[in-house]
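Colleague: This is the structure, below, for whatever I ask next.
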Amino acid sequence: MKDQFFEKLREILEAEDKEISLDDKFRDYEEWDSLANLSLIATIDDEYGVVIPNDEFKKIETVGALIQAIETRMASL
Amino acid sequence: MRLSEYDNIVIAGMAAAVPSQKISVETYYEDFGQDTVQKFSEMAGVKEVVRAKDQQTASDLGYEAAVHLLETNDIDRKDIGILIFVSQKPDYRSPATAFVLQKRLDLNAGVLCMDINLACSGFVYGLQTAHALLNSSNKKYALLITADTSNKTLSREDRTMIMLFGDSGSATLLEKTDVQNHKSQFGLRTNGQKFKSIITPAGAFRNMHLKNITEEWSDGIRRSDYNTHMKGMDVFGFSITDVPLLMKDFLAHTNTSPEDYDVFALHQANLYILKQLSRKIKIPIDKIPISIDLYGNNSSNAIPLLLCQHFAGTEQPNLRTFICGFGAGLSWACGAINIDPKKILPILITDAYYQDGL
């Protein structure tokens, strides 16, 4: 899932060669903006069938924590 | 779920009015950057919006739609027993704008008049309320007017909202009949825990001390407490989770499926959300007409505006129509109604406003 998620994140950020790691704080990416935020929530819903409530999403800082949150939600489906 | 049903009330007419002023998203290239604007336009599906001039209020737009409707159908105004005005942009802090409309429409003293303060769910809530009041009265007609001029409280610098919202009004006439084959059903939900998700904090009586000063908020956008603020992520999440859940529950409780409906007249919040609802509820996309491209998000008028745009003057038979509105409150609602395209009028374009409105 990790590599596929990285690829989706690159598409959202419109940065196809971007180096991404699990420890990255995605809100610090220079390409990050409110539209990227919206696209990320939408992409997670499209690709994994889960929606992370905004109150929870706001507390998630890193790419790794985000993947973990998606996996936790998918497991409870 | 809470479900209301009626079988003796028919939609006898529907009209919508928009101002002549159109604002294209390209207008904002300089302010927000071409790239940002194009990305927004692609996702939200908005190419242009309609915007009222300063003097033109929501009630002016609703009034014009109502006159258009009553005169075209030659309705005897004495038979109207209920007037409901749904809006978040009343003429005055008091009295309710429904009284202004009663005067302007020359309705008699026997009419029940009231305002309902609702936004994007307002048409469905207003329709349900009008059905309930008409059903328990001895009058023939109820007139539901929805109108909003959302732009009047938006910061011109708020790129999340200023390119999205349009101003318009609508009028829908309900008629009580003796024939009991006009099934209308409504399912409504509310989450007041999220009342701050879409809010205009000042201008009423809670925050009277706040000064009208424009400054940068935590999201980096400059606005004042008198501007409407939307927590975009909260509302987006709600729209792609709670709304499809209600739609599914409504279909289950009414024992229907998407095949049973000719049209899904859904609130025009954002094109992406409409696509998500199509996917999640398995509604063929060609059953979901679109008006957000040319008019923007028109709050409580989105559904009647959409129906007037797409079905006025068409020769199609009666349309079993699924309606769904969702937004500020948070508040969301579904309904199943019959729409006769012959009763739907083409959209009226008007810049008229009430000269005697003080």
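Ligands are numbered from 1 in the order shown, chains are lettered A, B, ... in the order of the structure tokens, and residues start at 1 in each chain.
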DSSP on the backbone, then: every residue of region 36-276 of chain B marked strand (DSSP E or B), written as a PyMOL selection string.
Modeller: chain B and resi 48-50+80-86+112-116+141-149+165+167-176+182+184-190+198-199+215-216+222-223+229-230+263-266
Colleague: Residues within 6 Å of region 181-189 of chain B, please, as a list in words. Count only C-alpha atoms; anything in the same chain fewer than 5 positions from it doesn't count.
Modeller: Arg2, Leu3, Ser4, Glu5, Tyr6, Asp7, Asn8, Ser331, Trp332, Ala333, Cys334, Gly335, Ala336 and Ile337 of chain B
Colleague: Hey, which bits of chain A sit within 8 Å of chain B, and for each residue what's the closest pair of atoms and how far apart in Å (one decimal), counting only C-alpha atoms, rows by chain and increasing number, as a tab-separated table?
Modeller:
residue	atom	partner	partner_atom	distance
A:Leu35	CA	B:Phe40	CA	7.3
A:Asn37	CA	B:Met233	CA	8.0
A:Leu38	CA	B:Met233	CA	6.8
A:Ile41	CA	B:Gly237	CA	7.8
A:Val51	CA	B:Gly237	CA	6.9
A:Ile52	CA	B:Gly237	CA	7.8
A:Pro53	CA	B:Gly237	CA	6.5
A:Asn54	CA	B:Asp234	CA	5.7
Colleague: Mind writing the picked residues with N, CA, C and O atoms as an mmCIF file, in the first residue's frame?
Modeller:
data_model
loop_
_atom_site.group_PDB
_atom_site.id
_atom_site.type_symbol
_atom_site.label_atom_id
_atom_site.label_comp_id
_atom_site.auth_asym_id
_atom_site.auth_seq_id
_atom_site.Cartn_x
_atom_site.Cartn_y
_atom_site.Cartn_z
ATOM 1 N N LEU A 35 -6.506 22.982 -1.742
ATOM 2 C CA LEU A 35 -7.011 22.085 -2.792
ATOM 3 C C LEU A 35 -6.357 20.711 -2.707
ATOM 4 O O LEU A 35 -6.996 19.688 -2.922
ATOM 5 N N ASN A 37 -5.350 19.414 0.045
ATOM 6 C CA ASN A 37 -6.008 18.816 1.206
ATOM 7 C C ASN A 37 -7.309 18.132 0.792
ATOM 8 O O ASN A 37 -7.568 16.967 1.117
ATOM 9 N N LEU A 38 -8.115 18.867 0.028
ATOM 10 C CA LEU A 38 -9.397 18.341 -0.454
ATOM 11 C C LEU A 38 -9.179 17.110 -1.337
ATOM 12 O O LEU A 38 -9.850 16.093 -1.195
ATOM 13 N N ILE A 41 -8.276 13.962 0.802
ATOM 14 C CA ILE A 41 -9.454 13.344 1.439
ATOM 15 C C ILE A 41 -10.267 12.581 0.387
ATOM 16 O O ILE A 41 -10.700 11.444 0.599
ATOM 17 N N VAL A 51 -13.369 7.460 4.789
ATOM 18 C CA VAL A 51 -13.246 8.909 4.975
ATOM 19 C C VAL A 51 -12.784 9.146 6.412
ATOM 20 O O VAL A 51 -13.410 8.669 7.356
ATOM 21 N N ILE A 52 -11.659 9.824 6.525
ATOM 22 C CA ILE A 52 -11.146 10.136 7.861
ATOM 23 C C ILE A 52 -11.796 11.452 8.306
ATOM 24 O O ILE A 52 -11.634 12.467 7.629
ATOM 25 N N PRO A 53 -12.546 11.434 9.433
ATOM 26 C CA PRO A 53 -13.202 12.678 9.871
ATOM 27 C C PRO A 53 -12.170 13.794 10.059
ATOM 28 O O PRO A 53 -11.042 13.540 10.506
ATOM 29 N N ASN A 54 -12.590 15.012 9.732
ATOM 30 C CA ASN A 54 -11.645 16.125 9.743
ATOM 31 C C ASN A 54 -10.999 16.344 11.110
ATOM 32 O O ASN A 54 -9.823 16.689 11.207
#
Colleague: Within 12 Å of Gln68 (chain A), counting only C-alpha atoms, which residues qualify if same-chain residues fewer than 6 places away don't, as a list in words?
Modeller: Met1, Lys2, Phe5, Leu22, Ile52, Phe57, Ile60, Glu61, Thr62, Met74 and Ala75 of chain A
Colleague: Could you pull the residues within 12 Å of region 49-56 of chain B, counting only C-alpha atoms, minus those fewer than 6 positions along the same chain, as an MDAnalysis selection string?
Modeller: chainID B and resid 17:27 41 62:64 89:91 147:154 161:169 291:298 305 349:358
Colleague: If you run DSSP over the backbone, which residues in region 4-77 of chain A end up helix (DSSP H, G or I)? Put them as a PyMOL selection string.
Modeller: chain A and resi 4-13+26-28+34-48+54-57+63-75
Colleague: Show which residues sit within 10 Å of Leu105 (chain B), as a PDB file with all heavy atoms, in the first residue's frame. Count only C-alpha atoms, and ignore same-chain residues fewer than 3 positions away.
Modeller:
ATOM      1  N   TYR B  63     -39.416  37.168  -4.922  1.00  0.00           N
ATOM      2  CA  TYR B  63     -40.660  37.843  -5.313  1.00  0.00           C
ATOM      3  C   TYR B  63     -40.872  37.743  -6.826  1.00  0.00           C
ATOM      4  O   TYR B  63     -41.958  37.412  -7.297  1.00  0.00           O
ATOM      5  CB  TYR B  63     -40.607  39.309  -4.874  1.00  0.00           C
ATOM      6  CG  TYR B  63     -41.717  40.150  -5.443  1.00  0.00           C
ATOM      7  CD1 TYR B  63     -42.998  40.110  -4.898  1.00  0.00           C
ATOM      8  CD2 TYR B  63     -41.485  40.987  -6.535  1.00  0.00           C
ATOM      9  CE1 TYR B  63     -44.024  40.880  -5.440  1.00  0.00           C
ATOM     10  CE2 TYR B  63     -42.506  41.753  -7.077  1.00  0.00           C
ATOM     11  CZ  TYR B  63     -43.772  41.698  -6.531  1.00  0.00           C
ATOM     12  OH  TYR B  63     -44.782  42.454  -7.067  1.00  0.00           O
ATOM     13  N   GLU B  64     -39.819  38.034  -7.580  1.00  0.00           N
ATOM     14  CA  GLU B  64     -39.942  37.992  -9.043  1.00  0.00           C
ATOM     15  C   GLU B  64     -40.297  36.583  -9.523  1.00  0.00           C
ATOM     16  O   GLU B  64     -41.110  36.413 -10.434  1.00  0.00           O
ATOM     17  CB  GLU B  64     -38.631  38.456  -9.707  1.00  0.00           C
ATOM     18  CG  GLU B  64     -38.316  39.924  -9.481  1.00  0.00           C
ATOM     19  CD  GLU B  64     -39.325  40.877 -10.104  1.00  0.00           C
ATOM     20  OE1 GLU B  64     -39.921  40.527 -11.141  1.00  0.00           O
ATOM     21  OE2 GLU B  64     -39.522  41.967  -9.531  1.00  0.00           O
ATOM     22  N   ALA B  66     -41.941  34.382  -7.765  1.00  0.00           N
ATOM     23  CA  ALA B  66     -43.319  34.115  -7.335  1.00  0.00           C
ATOM     24  C   ALA B  66     -44.333  34.790  -8.258  1.00  0.00           C
ATOM     25  O   ALA B  66     -45.333  34.171  -8.659  1.00  0.00           O
ATOM     26  CB  ALA B  66     -43.517  34.585  -5.899  1.00  0.00           C
ATOM     27  N   VAL B  67     -44.085  36.048  -8.621  1.00  0.00           N
ATOM     28  CA  VAL B  67     -45.011  36.759  -9.505  1.00  0.00           C
ATOM     29  C   VAL B  67     -45.062  36.061 -10.865  1.00  0.00           C
ATOM     30  O   VAL B  67     -46.143  35.844 -11.437  1.00  0.00           O
ATOM     31  CB  VAL B  67     -44.570  38.240  -9.659  1.00  0.00           C
ATOM     32  CG1 VAL B  67     -45.357  38.924 -10.761  1.00  0.00           C
ATOM     33  CG2 VAL B  67     -44.754  38.973  -8.336  1.00  0.00           C
ATOM     34  N   LEU B  70     -47.206  32.906 -10.326  1.00  0.00           N
ATOM     35  CA  LEU B  70     -48.641  33.117 -10.061  1.00  0.00           C
ATOM     36  C   LEU B  70     -49.341  33.701 -11.281  1.00  0.00           C
ATOM     37  O   LEU B  70     -50.469  33.312 -11.604  1.00  0.00           O
ATOM     38  CB  LEU B  70     -48.828  34.035  -8.846  1.00  0.00           C
ATOM     39  CG  LEU B  70     -48.242  33.511  -7.519  1.00  0.00           C
ATOM     40  CD1 LEU B  70     -48.470  34.520  -6.398  1.00  0.00           C
ATOM     41  CD2 LEU B  70     -48.849  32.159  -7.152  1.00  0.00           C
ATOM     42  N   ARG B  77     -55.046  34.526  -5.807  1.00  0.00           N
ATOM     43  CA  ARG B  77     -54.208  34.657  -4.603  1.00  0.00           C
ATOM     44  C   ARG B  77     -54.992  34.430  -3.310  1.00  0.00           C
ATOM     45  O   ARG B  77     -54.396  34.165  -2.265  1.00  0.00           O
ATOM     46  CB  ARG B  77     -53.497  36.006  -4.610  1.00  0.00           C
ATOM     47  CG  ARG B  77     -52.570  36.118  -5.827  1.00  0.00           C
ATOM     48  CD  ARG B  77     -51.759  37.381  -5.870  1.00  0.00           C
ATOM     49  NE  ARG B  77     -51.107  37.460  -7.196  1.00  0.00           N
ATOM     50  CZ  ARG B  77     -50.080  38.225  -7.477  1.00  0.00           C
ATOM     51  NH1 ARG B  77     -49.549  38.998  -6.546  1.00  0.00           N
ATOM     52  NH2 ARG B  77     -49.553  38.240  -8.687  1.00  0.00           N
ATOM     53  N   PHE B  99     -43.349  38.603   5.723  1.00  0.00           N
ATOM     54  CA  PHE B  99     -44.378  39.652   5.818  1.00  0.00           C
ATOM     55  C   PHE B  99     -44.216  40.664   4.685  1.00  0.00           C
ATOM     56  O   PHE B  99     -45.198  41.169   4.145  1.00  0.00           O
ATOM     57  CB  PHE B  99     -44.307  40.358   7.176  1.00  0.00           C
ATOM     58  CG  PHE B  99     -44.358  39.403   8.338  1.00  0.00           C
ATOM     59  CD1 PHE B  99     -43.463  39.512   9.394  1.00  0.00           C
ATOM     60  CD2 PHE B  99     -45.285  38.385   8.374  1.00  0.00           C
ATOM     61  CE1 PHE B  99     -43.503  38.629  10.454  1.00  0.00           C
ATOM     62  CE2 PHE B  99     -45.339  37.490   9.432  1.00  0.00           C
ATOM     63  CZ  PHE B  99     -44.435  37.612  10.475  1.00  0.00           C
ATOM     64  N   VAL B 100     -42.968  40.987   4.370  1.00  0.00           N
ATOM     65  CA  VAL B 100     -42.706  41.911   3.261  1.00  0.00           C
ATOM     66  C   VAL B 100     -43.249  41.296   1.966  1.00  0.00           C
ATOM     67  O   VAL B 100     -43.867  41.988   1.140  1.00  0.00           O
ATOM     68  CB  VAL B 100     -41.185  42.174   3.132  1.00  0.00           C
ATOM     69  CG1 VAL B 100     -40.911  43.161   2.007  1.00  0.00           C
ATOM     70  CG2 VAL B 100     -40.602  42.665   4.455  1.00  0.00           C
ATOM     71  N   LEU B 101     -43.033  39.996   1.819  1.00  0.00           N
ATOM     72  CA  LEU B 101     -43.492  39.312   0.604  1.00  0.00           C
ATOM     73  C   LEU B 101     -45.018  39.211   0.566  1.00  0.00           C
ATOM     74  O   LEU B 101     -45.626  39.318  -0.498  1.00  0.00           O
ATOM     75  CB  LEU B 101     -42.845  37.924   0.517  1.00  0.00           C
ATOM     76  CG  LEU B 101     -41.362  37.966   0.143  1.00  0.00           C
ATOM     77  CD1 LEU B 101     -40.680  36.633   0.441  1.00  0.00           C
ATOM     78  CD2 LEU B 101     -41.181  38.311  -1.345  1.00  0.00           C
ATOM     79  N   GLN B 102     -45.650  39.031   1.744  1.00  0.00           N
ATOM     80  CA  GLN B 102     -47.123  38.991   1.775  1.00  0.00           C
ATOM     81  C   GLN B 102     -47.677  40.318   1.268  1.00  0.00           C
ATOM     82  O   GLN B 102     -48.601  40.363   0.468  1.00  0.00           O
ATOM     83  CB  GLN B 102     -47.625  38.720   3.198  1.00  0.00           C
ATOM     84  CG  GLN B 102     -49.151  38.581   3.249  1.00  0.00           C
ATOM     85  CD  GLN B 102     -49.764  39.160   4.514  1.00  0.00           C
ATOM     86  OE1 GLN B 102     -49.125  39.885   5.259  1.00  0.00           O
ATOM     87  NE2 GLN B 102     -51.013  38.810   4.756  1.00  0.00           N
ATOM     88  N   ASN B 108     -53.950  37.890   1.268  1.00  0.00           N
ATOM     89  CA  ASN B 108     -54.877  38.375   2.294  1.00  0.00           C
ATOM     90  C   ASN B 108     -54.443  37.967   3.709  1.00  0.00           C
ATOM     91  O   ASN B 108     -53.465  37.238   3.903  1.00  0.00           O
ATOM     92  CB  ASN B 108     -56.315  37.949   1.979  1.00  0.00           C
ATOM     93  CG  ASN B 108     -56.477  36.441   2.074  1.00  0.00           C
ATOM     94  OD1 ASN B 108     -55.840  35.784   2.890  1.00  0.00           O
ATOM     95  ND2 ASN B 108     -57.336  35.899   1.229  1.00  0.00           N
TER      96      ASN B 108
END
Colleague: Could you work out how far CA of Leu112 (chain B) lies from CA of Ala302 (chain B), giving the answer in Å with one decimal?
Modeller: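 So the answer is 25.0 Å.
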Colleague: Using only C-alpha atoms, which protein or nucleic acid residues come within 10 Å of Ile116 (chain B)? Drop anything in the same chain fewer than 5 positions from it, and give the result as a PyMOL selection string.
Modeller: chain B and resi 84-88+90+96-98+122+125-126+129+146
Colleague: Could you save the residues just selected, with C-alpha atoms, as a tab-separated table (two decimals), in the first residue's frame?
Modeller:
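What follows is the written file selection-v9.tsv:
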chain	number	residue	atom	x	y	z
B	84	ILE	CA	-42.91	30.25	3.64
B	85	PHE	CA	-39.71	32.15	2.88
B	86	VAL	CA	-36.51	30.12	3.21
B	87	SER	CA	-33.34	32.21	3.26
B	88	GLN	CA	-30.21	33.13	5.15
B	90	PRO	CA	-33.50	38.34	5.10
B	96	ALA	CA	-39.50	38.22	9.05
B	97	THR	CA	-39.21	38.78	5.29
B	98	ALA	CA	-42.32	36.65	4.66
B	122	GLY	CA	-33.66	24.64	2.72
B	125	TYR	CA	-37.04	21.31	4.53
B	126	GLY	CA	-39.28	24.07	3.18
B	129	THR	CA	-42.92	22.07	6.07
B	146	THR	CA	-36.51	30.10	-1.37
Colleague: Which residues come within 12 Å of Asp17 (chain A), counting only C-alpha atoms, excluding same-chain residues fewer than 6 positions away, as a list of chain:residue names?
Modeller: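 Contacts, with the query itself left out: A:Phe6, A:Glu7, A:Leu9, A:Arg10, A:Glu11.
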Colleague: Have a look at CA of Ile323 (chain B) and CA of Ala265 (chain B) and let me know their distance in Å, one decimal.
Modeller: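 One can read the CA of Ile323 (chain B) to CA of Ala265 (chain B) distance as 4.9 Å.
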Colleague: Just give me the gap between CA of Leu277 (chain B) and CA of Ala328 (chain B) in Å, one decimal is fine.
Modeller: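 CA of Ala328 (chain B) lies 18.5 Å from CA of Leu277 (chain B).
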